Amino acid sequence: MKCMLAVALITFCGPSLAEVVVRDDTGATVRLPEPARRIVTLAPHLVETLFAAGAGDKLVGTVHYSNFPEAAKTISRVGSYDRFDLESVVALKPDLIIAWLSGNVPASLDKLRALGFPVYVSQIDRIDDVPSEIERFSALAGTSEIGNAAAKRFRERFARLQQRYSKLPPVRTFYQIWKQPLMTVGGKQIISSVIRLCGGENVFEQLETLAPAVTIEAVIAANPEAIVASGMGESRPEWLDDWKRWASITAVVRENLFFIHPDLIQRHTPRLLDGAELLCQQLETARRRRPHG
């Protein structure tokens, strides 16, 4: 869980005006004279979390691939998360910009700050950090009643999954983001925390990089019991079956080649619990397929 310093602090300055003070994930303090009314987000997953926090109607701009919930598709676009248009952001006259530390270009965020825009920077690395972010977003937007309730539901569901799966016999798991280059997740990536929640062990947990490239030989040597892929869309990627060429891998022998829609596990949003539930069920399938005796 985030430390208490990350929890929003609201100081009331009068009957109709409430100053909002929130600490972001970099430790910086974001101060607003009143709850935000015009918000621009610079990553798709931030849109989802804002809607969950009850602040979807305050969004005036976002980036490409912001496709959930359905209402997000109608929000004005300012470019992509790694190359947004500064003039488009300025034209929307936001009173708050929510950015993504791992995805946005720092120099572009500095330009926005220099123009006087408050910038909140998000970077959650564990699944159990999601409810804290919901609470902070709702504090920034003045929708704490909705956000706090959503965060409570998340924590309760998380606790149920944790109780059911986290102490089960571990399943050595290789999570594949992409084929060429062959990419996985390191121990600090949020997907690793989902794997741990499900009683799994990321075979590349020791890698510091969030999304490191690895070799086929390294995967073979790690000998995962389950291989989980995401790909780029709703369909199971064809390249997942390429692993069938390597009959020495336990996951191949036991047919533990699984797929999860990337939006359910690669986005730092409340829907992570949907992806987690699928992954937990898949790793439970891997346990059932172990030889008896």
# chains A, B, ... in the order shown; residues from 1 in each chain; ligands from 1
>>> residues_around(residues="Phe258 of chain A", least_positions_apart="5", cutoff="12 Å", atoms="only C-alpha atoms", output="count of residues only")
30
>>> select_by_dssp(residues="segment 99-190 of chain A", states="alpha helix (DSSP H)", output="PyMOL selection string")
chain A and resi 106-114+130-141+144-165+190
>>> residues_around(residues="Thr74 of chain A", least_positions_apart="2", cutoff="12 Å", atoms="only C-alpha atoms", output="PyMOL selection string")
chain A and resi 47+56-57+59-72+76-77
>>> residues_around(residues="Asn202 of chain A", least_positions_apart="3", cutoff="9 Å", atoms="only C-alpha atoms", output="PyMOL selection string")
chain A and resi 171-175+185-187+192+195-196+205-206+224
>>> write_last_selection(atoms="N, CA and C atoms", output="JSON list (two decimals), in the first residue's frame")
[["chain", "number", "residue", "atom", "x", "y", "z"],
["A", 171, "VAL", "N", 3.68, -21.55, -9.10],
["A", 171, "VAL", "CA", 3.78, -21.96, -10.50],
["A", 171, "VAL", "C", 4.79, -21.03, -11.18],
["A", 172, "ARG", "N", 5.88, -21.62, -11.67],
["A", 172, "ARG", "CA", 6.88, -20.82, -12.37],
["A", 172, "ARG", "C", 6.29, -20.35, -13.70],
["A", 173, "THR", "N", 6.26, -19.02, -13.86],
["A", 173, "THR", "CA", 5.50, -18.42, -14.96],
["A", 173, "THR", "C", 6.38, -17.51, -15.82],
["A", 174, "PHE", "N", 6.24, -17.68, -17.13],
["A", 174, "PHE", "CA", 6.87, -16.74, -18.07],
["A", 174, "PHE", "C", 5.77, -15.93, -18.71],
["A", 175, "TYR", "N", 5.83, -14.61, -18.54],
["A", 175, "TYR", "CA", 4.84, -13.72, -19.16],
["A", 175, "TYR", "C", 5.46, -13.09, -20.39],
["A", 185, "VAL", "N", 8.41, -9.30, -18.47],
["A", 185, "VAL", "CA", 8.29, -8.29, -17.42],
["A", 185, "VAL", "C", 9.27, -8.60, -16.30],
["A", 186, "GLY", "N", 9.89, -7.55, -15.78],
["A", 186, "GLY", "CA", 10.79, -7.70, -14.65],
["A", 186, "GLY", "C", 10.03, -7.67, -13.33],
["A", 187, "GLY", "N", 10.75, -7.82, -12.24],
["A", 187, "GLY", "CA", 10.12, -7.95, -10.94],
["A", 187, "GLY", "C", 9.38, -6.71, -10.47],
["A", 192, "SER", "N", 4.10, -8.47, -12.57],
["A", 192, "SER", "CA", 4.75, -9.37, -11.62],
["A", 192, "SER", "C", 3.99, -9.45, -10.31],
["A", 195, "ILE", "N", 1.13, -11.76, -10.88],
["A", 195, "ILE", "CA", 1.59, -13.15, -10.84],
["A", 195, "ILE", "C", 1.76, -13.62, -9.40],
["A", 196, "ARG", "N", 2.35, -12.78, -8.56],
["A", 196, "ARG", "CA", 2.53, -13.14, -7.15],
["A", 196, "ARG", "C", 1.19, -13.30, -6.44],
["A", 205, "GLU", "N", 11.81, -12.58, -12.48],
["A", 205, "GLU", "CA", 11.59, -11.67, -11.36],
["A", 205, "GLU", "C", 12.84, -10.86, -11.01],
["A", 206, "GLN", "N", 14.02, -11.45, -11.21],
["A", 206, "GLN", "CA", 15.26, -10.82, -10.78],
["A", 206, "GLN", "C", 15.67, -9.67, -11.68],
["A", 224, "PRO", "N", 9.71, -22.58, -17.57],
["A", 224, "PRO", "CA", 8.46, -22.22, -16.88],
["A", 224, "PRO", "C", 7.43, -23.34, -16.95]]
>>> select_by_dssp(residues="segment 29-94 of chain A", states="strand (DSSP E or B)", output="JSON, numbers by chain")
{"A": [29, 30, 31, 32, 39, 40, 41, 59, 60, 61, 62, 77, 79, 80, 83, 84]}
>>> closest_residue(among="A:Thr143, A:Thr49, A:Gln189, A:Gln162", to="Asp125 of chain A", atoms="only C-alpha atoms")
A:Gln189
>>> residues_around(residues="His45 of chain A", least_positions_apart="3", cutoff="12 Å", atoms="only C-alpha atoms", output="VMD selection string")
chain A and resid 41 to 42 48 to 52 62 to 69 72 81 98 to 100 103 122 to 124 130 133 to 134 262 to 272
>>> residues_around(residues="Pro170 of chain A", least_positions_apart="2", cutoff="8 Å", atoms="only C-alpha atoms", output="MDAnalysis selection string")
chainID A and resid 167:168 172 199:201
>>> write_last_selection(atoms="N, CA and C atoms", output="PDB file, in the first residue's frame")
ATOM      1  N   LYS A 167      -1.251 -18.297  -1.468  1.00  0.00           N
ATOM      2  CA  LYS A 167      -0.484 -19.274  -0.694  1.00  0.00           C
ATOM      3  C   LYS A 167      -0.481 -20.670  -1.314  1.00  0.00           C
ATOM      4  N   LEU A 168      -1.024 -20.807  -2.508  1.00  0.00           N
ATOM      5  CA  LEU A 168      -1.038 -22.101  -3.186  1.00  0.00           C
ATOM      6  C   LEU A 168       0.364 -22.463  -3.667  1.00  0.00           C
ATOM      7  N   ARG A 172       5.876 -21.619 -11.671  1.00  0.00           N
ATOM      8  CA  ARG A 172       6.882 -20.822 -12.372  1.00  0.00           C
ATOM      9  C   ARG A 172       6.288 -20.345 -13.699  1.00  0.00           C
ATOM     10  N   GLY A 199      -0.194 -16.684  -6.767  1.00  0.00           N
ATOM     11  CA  GLY A 199       0.645 -17.786  -6.321  1.00  0.00           C
ATOM     12  C   GLY A 199       1.652 -18.220  -7.359  1.00  0.00           C
ATOM     13  N   GLY A 200       1.955 -17.331  -8.295  1.00  0.00           N
ATOM     14  CA  GLY A 200       2.937 -17.642  -9.320  1.00  0.00           C
ATOM     15  C   GLY A 200       4.295 -17.060  -9.000  1.00  0.00           C
ATOM     16  N   GLU A 201       5.300 -17.507  -9.752  1.00  0.00           N
ATOM     17  CA  GLU A 201       6.660 -16.971  -9.649  1.00  0.00           C
ATOM     18  C   GLU A 201       7.105 -16.549 -11.039  1.00  0.00           C
TER      19      GLU A 201
END
>>> atom_distance(atom1="atom CA of Ala222 of chain A", atom2="atom CA of Arg126 of chain A")
23.7 Å
>>> atom_distance(atom1="atom CA of Ala18 of chain A", atom2="atom CA of Ser132 of chain A")
20.7 Å
>>> closest_residue(among="A:Ser248, A:Ser80, A:Ser138, A:Asn256", to="Ile39 of chain A", atoms="only C-alpha atoms")
A:Ser138
>>> atom_distance(atom1="atom CA of Ser144 of chain A", atom2="atom CA of Ala43 of chain A")
21.9 Å
